[in-house]
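So this one's start-v5.txt, compact mmCIF, C-alpha atoms and all ligand atoms:
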```txt
# COMPACT_ATOMS: atom_id res chain seq x y z
CA MET A 1 0.99 11.93 11.67
CA GLN A 2 3.69 9.84 10.05
CA ARG A 3 4.27 6.42 11.60
CA GLY A 4 6.26 4.65 8.90
CA VAL A 5 9.88 4.91 7.80
CA PHE A 6 10.92 6.63 4.60
CA ILE A 7 14.21 5.49 3.06
CA THR A 8 15.63 6.75 -0.23
CA PHE A 9 18.43 5.45 -2.45
CA GLU A 10 20.61 7.78 -4.45
CA GLY A 11 23.69 7.53 -6.65
CA GLY A 12 24.72 7.48 -10.27
CA GLU A 13 23.87 5.01 -13.01
CA GLY A 14 24.59 1.38 -12.32
CA THR A 15 25.63 1.87 -8.70
CA GLY A 16 23.26 -0.89 -7.58
CA LYS A 17 20.31 1.09 -6.18
CA SER A 18 17.60 -1.15 -7.65
CA THR A 19 19.50 -4.28 -6.65
CA GLN A 20 19.85 -3.23 -3.00
CA ILE A 21 16.26 -1.98 -2.79
CA ALA A 22 14.96 -5.35 -3.95
CA ARG A 23 17.09 -7.10 -1.32
CA LEU A 24 16.10 -4.77 1.47
CA GLY A 25 12.44 -5.06 0.54
CA GLU A 26 12.61 -8.84 0.75
CA HIS A 27 14.53 -8.70 4.03
CA LEU A 28 12.05 -6.34 5.70
CA ARG A 29 9.00 -8.20 4.42
CA GLY A 30 10.49 -11.37 5.85
CA ARG A 31 10.60 -9.61 9.19
CA GLY A 32 6.91 -8.72 8.96
CA PHE A 33 7.03 -5.10 7.82
CA GLU A 34 4.70 -3.71 5.18
CA VAL A 35 7.12 -2.51 2.50
CA VAL A 36 6.26 -0.18 -0.36
CA ILE A 37 8.87 -0.03 -3.12
CA THR A 38 8.70 2.79 -5.59
CA ARG A 39 10.87 4.78 -7.93
CA GLU A 40 11.35 8.25 -9.30
CA PRO A 41 10.34 9.49 -11.71
CA GLY A 42 7.41 7.09 -11.67
CA GLY A 43 5.32 5.04 -9.31
CA THR A 44 1.89 6.39 -10.34
CA PRO A 45 0.27 6.57 -13.78
CA VAL A 46 0.80 10.34 -13.97
CA ALA A 47 4.41 10.03 -12.87
CA GLU A 48 5.13 7.11 -15.22
CA ALA A 49 3.83 9.26 -18.08
CA ALA A 50 6.25 12.01 -17.03
CA ARG A 51 9.01 9.38 -16.85
CA ALA A 52 8.39 8.35 -20.44
CA ILE A 53 8.90 11.97 -21.54
CA LEU A 54 12.00 12.39 -19.37
CA LEU A 55 13.75 9.25 -20.58
CA ASP A 56 12.83 9.56 -24.27
CA PRO A 57 16.09 9.90 -26.26
CA GLU A 58 14.15 11.82 -28.95
CA LEU A 59 13.24 14.63 -26.56
CA ASP A 60 15.62 17.12 -25.02
CA PRO A 61 13.98 19.38 -22.41
CA ASP A 62 16.35 21.88 -20.78
CA PRO A 63 17.21 21.32 -17.09
CA LEU A 64 14.52 23.69 -15.79
CA SER A 65 11.79 22.03 -17.87
CA GLU A 66 13.15 18.72 -16.69
CA LEU A 67 12.86 19.92 -13.10
CA PHE A 68 9.20 20.88 -13.51
CA LEU A 69 8.35 17.52 -15.08
CA LEU A 70 10.15 15.75 -12.25
CA ALA A 71 8.44 17.93 -9.65
CA ALA A 72 5.01 17.13 -11.08
CA ALA A 73 5.81 13.43 -10.97
CA ARG A 74 7.21 13.75 -7.43
CA ARG A 75 4.16 15.61 -6.16
CA ASP A 76 1.83 12.93 -7.52
CA LEU A 77 3.90 10.11 -6.03
CA VAL A 78 4.15 11.72 -2.61
CA GLU A 79 0.44 12.49 -2.37
CA ARG A 80 -0.89 9.22 -3.77
CA VAL A 81 1.64 6.65 -2.64
CA ILE A 82 4.34 7.72 -0.20
CA ARG A 83 2.40 9.78 2.33
CA PRO A 84 -0.54 7.34 2.59
CA ALA A 85 1.90 4.45 3.04
CA LEU A 86 3.78 6.26 5.80
CA GLU A 87 0.50 7.07 7.51
CA ARG A 88 -0.33 3.33 7.52
CA GLY A 89 3.02 2.67 9.18
CA ALA A 90 4.72 1.10 6.16
CA VAL A 91 8.40 1.21 5.25
CA VAL A 92 8.76 3.10 1.97
CA LEU A 93 11.84 2.42 -0.17
CA CYS A 94 12.20 4.96 -2.95
CA ASP A 95 14.66 4.64 -5.84
CA ARG A 96 15.77 8.31 -6.22
CA TYR A 97 13.99 11.30 -4.67
CA THR A 98 14.61 15.01 -4.10
CA ASP A 99 18.41 14.68 -3.90
CA SER A 100 18.47 13.47 -7.51
CA SER A 101 17.00 16.80 -8.62
CA VAL A 102 19.33 18.79 -6.38
CA VAL A 103 22.27 16.97 -7.99
CA TYR A 104 21.22 16.52 -11.64
CA GLN A 105 19.26 19.73 -12.29
CA GLY A 106 20.52 21.95 -9.46
CA MET A 107 24.24 21.31 -9.08
CA VAL A 108 25.24 19.71 -12.39
CA GLY A 109 22.48 20.98 -14.70
CA GLY A 110 22.94 24.60 -13.69
CA VAL A 111 19.44 25.41 -12.39
CA GLY A 112 20.97 26.17 -8.99
CA ARG A 113 20.46 24.45 -5.68
CA GLU A 114 18.18 27.03 -4.06
CA ALA A 115 15.64 26.96 -6.88
CA VAL A 116 15.56 23.17 -6.88
CA GLU A 117 15.24 22.97 -3.11
CA GLU A 118 12.34 25.43 -3.16
CA ILE A 119 10.49 23.46 -5.83
CA ASN A 120 11.22 20.22 -3.98
CA ARG A 121 9.68 21.70 -0.83
CA LEU A 122 6.56 22.67 -2.74
CA ALA A 123 6.30 19.32 -4.48
CA THR A 124 6.77 17.21 -1.36
CA GLY A 125 5.14 19.42 1.26
CA GLY A 126 8.47 19.18 3.07
CA LEU A 127 8.55 15.37 3.29
CA VAL A 128 12.19 14.46 3.98
CA PRO A 129 13.48 10.86 4.17
CA GLY A 130 14.51 9.46 7.52
CA ARG A 131 17.53 7.84 5.86
CA THR A 132 19.19 8.22 2.48
CA PHE A 133 21.68 5.66 1.21
CA LEU A 134 24.15 7.09 -1.26
CA LEU A 135 25.71 4.33 -3.35
CA ASP A 136 29.06 5.73 -4.27
CA LEU A 137 30.95 4.27 -7.22
CA ASP A 138 33.53 5.23 -9.80
CA PRO A 139 31.39 6.25 -12.80
CA GLU A 140 33.39 4.13 -15.22
CA THR A 141 32.46 1.02 -13.26
CA GLY A 142 28.84 2.16 -13.02
CA MET A 143 28.58 2.78 -16.73
CA GLU A 144 30.20 -0.56 -17.50
CA ARG A 145 27.62 -2.31 -15.30
CA THR A 146 24.79 -0.41 -16.97
CA ARG A 147 26.08 -1.31 -20.42
CA ARG A 148 26.27 -4.96 -19.49
CA ARG A 149 22.78 -4.91 -17.97
CA ASN A 150 21.27 -3.09 -20.95
CA GLY A 151 23.04 -5.44 -23.30
CA ALA A 152 21.21 -8.22 -21.51
CA VAL A 153 17.71 -6.74 -21.31
CA GLY A 154 17.75 -3.89 -23.85
CA GLY A 155 16.47 -0.36 -23.33
CA ARG A 156 18.68 2.69 -22.95
CA SER A 157 17.85 6.02 -21.40
CA ARG A 158 18.90 9.52 -22.31
CA PHE A 159 21.19 9.69 -19.26
CA ASP A 160 23.28 6.74 -20.41
CA GLU A 161 24.44 8.84 -23.36
CA LYS A 162 26.12 11.58 -21.30
CA PRO A 163 29.92 11.81 -21.23
CA LEU A 164 31.99 10.41 -18.39
CA GLN A 165 32.75 13.95 -17.21
CA PHE A 166 29.04 14.46 -16.51
CA HIS A 167 28.90 11.32 -14.39
CA ARG A 168 32.01 12.44 -12.46
CA ARG A 169 30.32 15.72 -11.59
CA VAL A 170 27.23 13.83 -10.46
CA ARG A 171 29.33 11.70 -8.14
CA ASP A 172 31.10 14.71 -6.62
CA ALA A 173 27.84 16.60 -6.14
CA TYR A 174 26.27 13.65 -4.31
CA LEU A 175 29.28 13.33 -2.01
CA GLU A 176 29.08 17.06 -1.25
CA LEU A 177 25.41 16.72 -0.26
CA ALA A 178 26.09 13.68 1.89
CA LEU A 179 28.83 15.49 3.81
CA GLU A 180 26.41 18.30 4.63
CA ASP A 181 23.90 16.01 6.31
CA THR A 182 25.57 13.10 8.01
CA VAL A 183 22.44 12.41 10.08
CA ARG A 184 20.25 11.56 7.09
CA PHE A 185 22.88 10.24 4.65
CA ARG A 186 24.92 7.07 4.74
CA VAL A 187 27.51 6.66 2.00
CA LEU A 188 27.99 3.03 0.92
CA PRO A 189 31.03 1.88 -1.10
CA ALA A 190 29.22 0.42 -4.10
CA GLU A 191 32.26 -1.30 -5.65
CA GLU A 192 31.74 -4.04 -3.05
CA ASP A 193 29.93 -7.18 -4.16
CA GLU A 194 26.15 -7.24 -3.68
CA GLU A 195 26.24 -9.35 -0.53
CA THR A 196 28.91 -7.31 1.25
CA LEU A 197 27.20 -4.08 0.31
CA PHE A 198 23.91 -5.34 1.65
CA GLY A 199 25.57 -6.28 4.95
CA ARG A 200 26.83 -2.72 5.31
CA LEU A 201 23.44 -1.33 4.46
CA LEU A 202 21.77 -3.41 7.17
CA GLU A 203 24.14 -1.95 9.75
CA GLU A 204 23.06 1.55 8.75
CA LEU A 205 19.30 1.04 8.88
CA PRO A 206 17.45 3.50 11.07
CA GLU A 207 16.50 2.52 14.63
CA GLY A 208 13.52 0.22 14.70
CA LEU A 209 14.39 -1.60 11.47
CA ARG A 210 17.68 -3.15 12.60
N1 LIG A 301 27.51 -4.74 -5.93
C1 LIG A 301 27.49 -5.07 -7.24
N2 LIG A 301 28.59 -5.54 -7.85
C2 LIG A 301 28.58 -5.83 -9.17
N3 LIG A 301 27.52 -5.70 -9.96
C3 LIG A 301 26.39 -5.23 -9.42
C4 LIG A 301 26.32 -4.88 -8.02
N4 LIG A 301 25.08 -4.42 -7.77
C5 LIG A 301 24.41 -4.48 -8.93
N5 LIG A 301 25.18 -4.97 -9.91
C6 LIG A 301 24.82 -5.15 -11.32
O1 LIG A 301 25.04 -3.89 -11.95
C7 LIG A 301 23.95 -3.54 -12.79
C8 LIG A 301 23.32 -2.25 -12.29
O2 LIG A 301 22.69 -2.48 -11.03
P1 LIG A 301 21.32 -1.76 -10.67
O3 LIG A 301 20.38 -1.86 -11.81
O4 LIG A 301 20.89 -2.26 -9.34
O5 LIG A 301 21.85 -0.26 -10.52
P2 LIG A 301 21.02 1.08 -10.45
O6 LIG A 301 21.76 1.97 -9.53
O7 LIG A 301 19.61 0.77 -10.11
O8 LIG A 301 21.14 1.60 -11.93
P3 LIG A 301 20.22 2.69 -12.70
O9 LIG A 301 20.61 4.02 -12.17
O10 LIG A 301 20.60 2.51 -14.13
O11 LIG A 301 18.80 2.32 -12.40
C9 LIG A 301 23.01 -4.74 -12.78
O12 LIG A 301 23.29 -5.53 -13.88
C10 LIG A 301 23.35 -5.45 -11.48
O13 LIG A 301 23.11 -6.83 -11.56
MG MG A 302 17.85 1.24 -11.10
```

Please express the file's structure as structure tokens.
Ligand SMILES: Nc1ncnc2c1ncn2[C@@H]1O[C@H](COP(=O)(O)OP(=O)(O)OP(=O)(O)O)[C@@H](O)[C@H]1O
Ligand SMILES: [Mg+2]
Amino acid sequence: MQRGVFITFEGGEGTGKSTQIARLGEHLRGRGFEVVITREPGGTPVAEAARAILLDPELDPDPLSELFLLAAARRDLVERVIRPALERGAVVLCDRYTDSSVVYQGMVGGVGREAVEEINRLATGGLVPGRTFLLDLDPETGMERTRRRNGAVGGRSRFDEKPLQFHRRVRDAYLELALEDTVRFRVLPAEEDEETLFGRLLEELPEGLR
């Protein structure tokens, strides 16, 4: 029996997912909720090891191999962190989840949506978020933000190297998914400043958290 609330954040590079998650986590903790913040791929030792492989610029797994690595990481995270937290009644905020695979490997990477959705179902045991925030932003702005951030703290990932065209396809694929499920998804205009964006997000929280 799941008592908690599962919220995921999706969107391209530099759209502000991590920034908004940190804010929401602080907000909800201040209101007395137990909040578990995690990210994909990652969040457990096994999954962080998979993340290191996935983000290594020296390695270049094809999209299907990438999908299996991600699925292994996702399975571990769901079983060890997300499901137990939800059973305790916590709010779980996850930075990327199944929709990232549907978009990056399935729709843009060419693995195909059905295959990805099937593997996602296996990996998660059918655990679907109660709400998914899609941070929607022009990829040029997102990449500019990422460049500025990385310039400040260092560290680049393999995905930062992809051409603008790739990031445009990612954006379109996400918007297509969001239109198909307007109950779960909320699309947020991520060109807004942090504060304004957070205000919009609060309005779209699921019942019980508002
Ligand atoms: N609404 C905003 N307006 C302008 N800049 C922002 C906004 N939100 C975040 N930023 C800045 O943009 C950069 C990227 O934000 P953030 O790391 O939250 O994005 P992200 O979606 O988590 O990116 P990634 O996919 O690379 O993890 C950071 O330097 C952050 O401070
Ligand atoms: Mg981030």

What do you get as a PDB file with C-alpha atoms, in the frame of the given file if you pick all residues at most 10 Å from ligand MG 302 (chain A), counting only C-alpha atoms and all ligand atoms?
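That gives us out25.pdb:
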```pdb
ATOM      1  CA  PHE A   9      18.430   5.450  -2.450  1.00  0.00           C
ATOM      2  CA  GLU A  10      20.610   7.780  -4.450  1.00  0.00           C
ATOM      3  CA  GLY A  11      23.690   7.530  -6.650  1.00  0.00           C
ATOM      4  CA  GLY A  12      24.720   7.480 -10.270  1.00  0.00           C
ATOM      5  CA  GLU A  13      23.870   5.010 -13.010  1.00  0.00           C
ATOM      6  CA  GLY A  14      24.590   1.380 -12.320  1.00  0.00           C
ATOM      7  CA  THR A  15      25.630   1.870  -8.700  1.00  0.00           C
ATOM      8  CA  GLY A  16      23.260  -0.890  -7.580  1.00  0.00           C
ATOM      9  CA  LYS A  17      20.310   1.090  -6.180  1.00  0.00           C
ATOM     10  CA  SER A  18      17.600  -1.150  -7.650  1.00  0.00           C
ATOM     11  CA  THR A  19      19.500  -4.280  -6.650  1.00  0.00           C
ATOM     12  CA  GLN A  20      19.850  -3.230  -3.000  1.00  0.00           C
ATOM     13  CA  ILE A  21      16.260  -1.980  -2.790  1.00  0.00           C
ATOM     14  CA  ARG A  39      10.870   4.780  -7.930  1.00  0.00           C
ATOM     15  CA  GLU A  40      11.350   8.250  -9.300  1.00  0.00           C
ATOM     16  CA  ASP A  95      14.660   4.640  -5.840  1.00  0.00           C
ATOM     17  CA  ARG A  96      15.770   8.310  -6.220  1.00  0.00           C
ATOM     18  CA  THR A 146      24.790  -0.410 -16.970  1.00  0.00           C
TER      19      THR A 146
END
```

Residues within 8 Å of stretch 127-134 of chain A, please, as a PyMOL selection string. Count all atoms listed in the file; anything in the same chain fewer than 2 positions from it doesn't count. chain A and resi 5-11+121+124-125+136+174+178+183-188+201+205-206

Skipping near chain neighbours, those fewer than 5 positions away, what residues fall within 8 Å of A:Ala50 using all atoms listed in the file, listed as a list in words?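 Once the nearby chain positions are removed, what remains is Pro41, Gly42, Leu69, Leu70, Ala72 and Ala73 of chain A.
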
What does the distance between atom CA of A:Cys94 and atom C10 of ligand LIG 301 (chain A) come to in Å, to one decimal place?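 Atom-to-atom, atom CA of A:Cys94 to atom C10 of ligand LIG 301 (chain A), that is 17.5 Å.
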
Expressed in Å to a single decimal, how great is the separation between atom CA of A:Asp99 and atom CA of A:Glu194?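 Here the two named atoms are 23.2 Å from each other.
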
Closest to ligand LIG 301 (chain A) among A:Glu48, A:Glu114, A:Glu26, A:Glu192, using all atoms listed in the file? A:Glu192

Using the incomplete input, complete stretch 127-142 of chain A to the level of N, CA and C atoms; output as an mmCIF file, in the frame of the given file.
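See out_32.cif below for the written result:
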```cif
data_model
loop_
_atom_site.group_PDB
_atom_site.id
_atom_site.type_symbol
_atom_site.label_atom_id
_atom_site.label_comp_id
_atom_site.auth_asym_id
_atom_site.auth_seq_id
_atom_site.Cartn_x
_atom_site.Cartn_y
_atom_site.Cartn_z
ATOM 1 N N LEU A 127 8.284 16.761 2.858
ATOM 2 C CA LEU A 127 8.550 15.370 3.290
ATOM 3 C C LEU A 127 10.003 14.979 3.003
ATOM 4 N N VAL A 128 10.753 14.773 4.074
ATOM 5 C CA VAL A 128 12.190 14.460 3.980
ATOM 6 C C VAL A 128 12.394 13.019 4.448
ATOM 7 N N PRO A 129 13.238 12.250 3.742
ATOM 8 C CA PRO A 129 13.480 10.860 4.170
ATOM 9 C C PRO A 129 14.136 10.788 5.548
ATOM 10 N N GLY A 130 13.850 9.700 6.246
ATOM 11 C CA GLY A 130 14.510 9.460 7.520
ATOM 12 C C GLY A 130 15.934 8.968 7.319
ATOM 13 N N ARG A 131 16.170 8.306 6.199
ATOM 14 C CA ARG A 131 17.530 7.840 5.860
ATOM 15 C C ARG A 131 17.686 7.845 4.354
ATOM 16 N N THR A 132 18.874 8.261 3.902
ATOM 17 C CA THR A 132 19.190 8.220 2.480
ATOM 18 C C THR A 132 20.513 7.474 2.304
ATOM 19 N N PHE A 133 20.464 6.395 1.535
ATOM 20 C CA PHE A 133 21.680 5.660 1.210
ATOM 21 C C PHE A 133 22.235 6.203 -0.102
ATOM 22 N N LEU A 134 23.467 6.670 -0.040
ATOM 23 C CA LEU A 134 24.150 7.090 -1.260
ATOM 24 C C LEU A 134 25.098 5.966 -1.680
ATOM 25 N N LEU A 135 24.822 5.369 -2.828
ATOM 26 C CA LEU A 135 25.710 4.330 -3.350
ATOM 27 C C LEU A 135 26.771 5.017 -4.184
ATOM 28 N N ASP A 136 27.974 4.985 -3.663
ATOM 29 C CA ASP A 136 29.060 5.730 -4.270
ATOM 30 C C ASP A 136 29.987 4.808 -5.052
ATOM 31 N N LEU A 137 30.178 5.156 -6.331
ATOM 32 C CA LEU A 137 30.950 4.270 -7.220
ATOM 33 C C LEU A 137 31.647 5.099 -8.289
ATOM 34 N N ASP A 138 32.838 4.638 -8.666
ATOM 35 C CA ASP A 138 33.530 5.230 -9.800
ATOM 36 C C ASP A 138 32.613 5.122 -11.024
ATOM 37 N N PRO A 139 32.363 6.256 -11.702
ATOM 38 C CA PRO A 139 31.390 6.250 -12.800
ATOM 39 C C PRO A 139 31.741 5.304 -13.944
ATOM 40 N N GLU A 140 33.027 5.065 -14.135
ATOM 41 C CA GLU A 140 33.390 4.130 -15.220
ATOM 42 C C GLU A 140 32.862 2.730 -14.924
ATOM 43 N N THR A 141 32.980 2.327 -13.659
ATOM 44 C CA THR A 141 32.460 1.020 -13.260
ATOM 45 C C THR A 141 30.940 0.993 -13.377
ATOM 46 N N GLY A 142 30.305 2.073 -12.939
ATOM 47 C CA GLY A 142 28.840 2.160 -13.020
ATOM 48 C C GLY A 142 28.335 2.068 -14.439
#
```
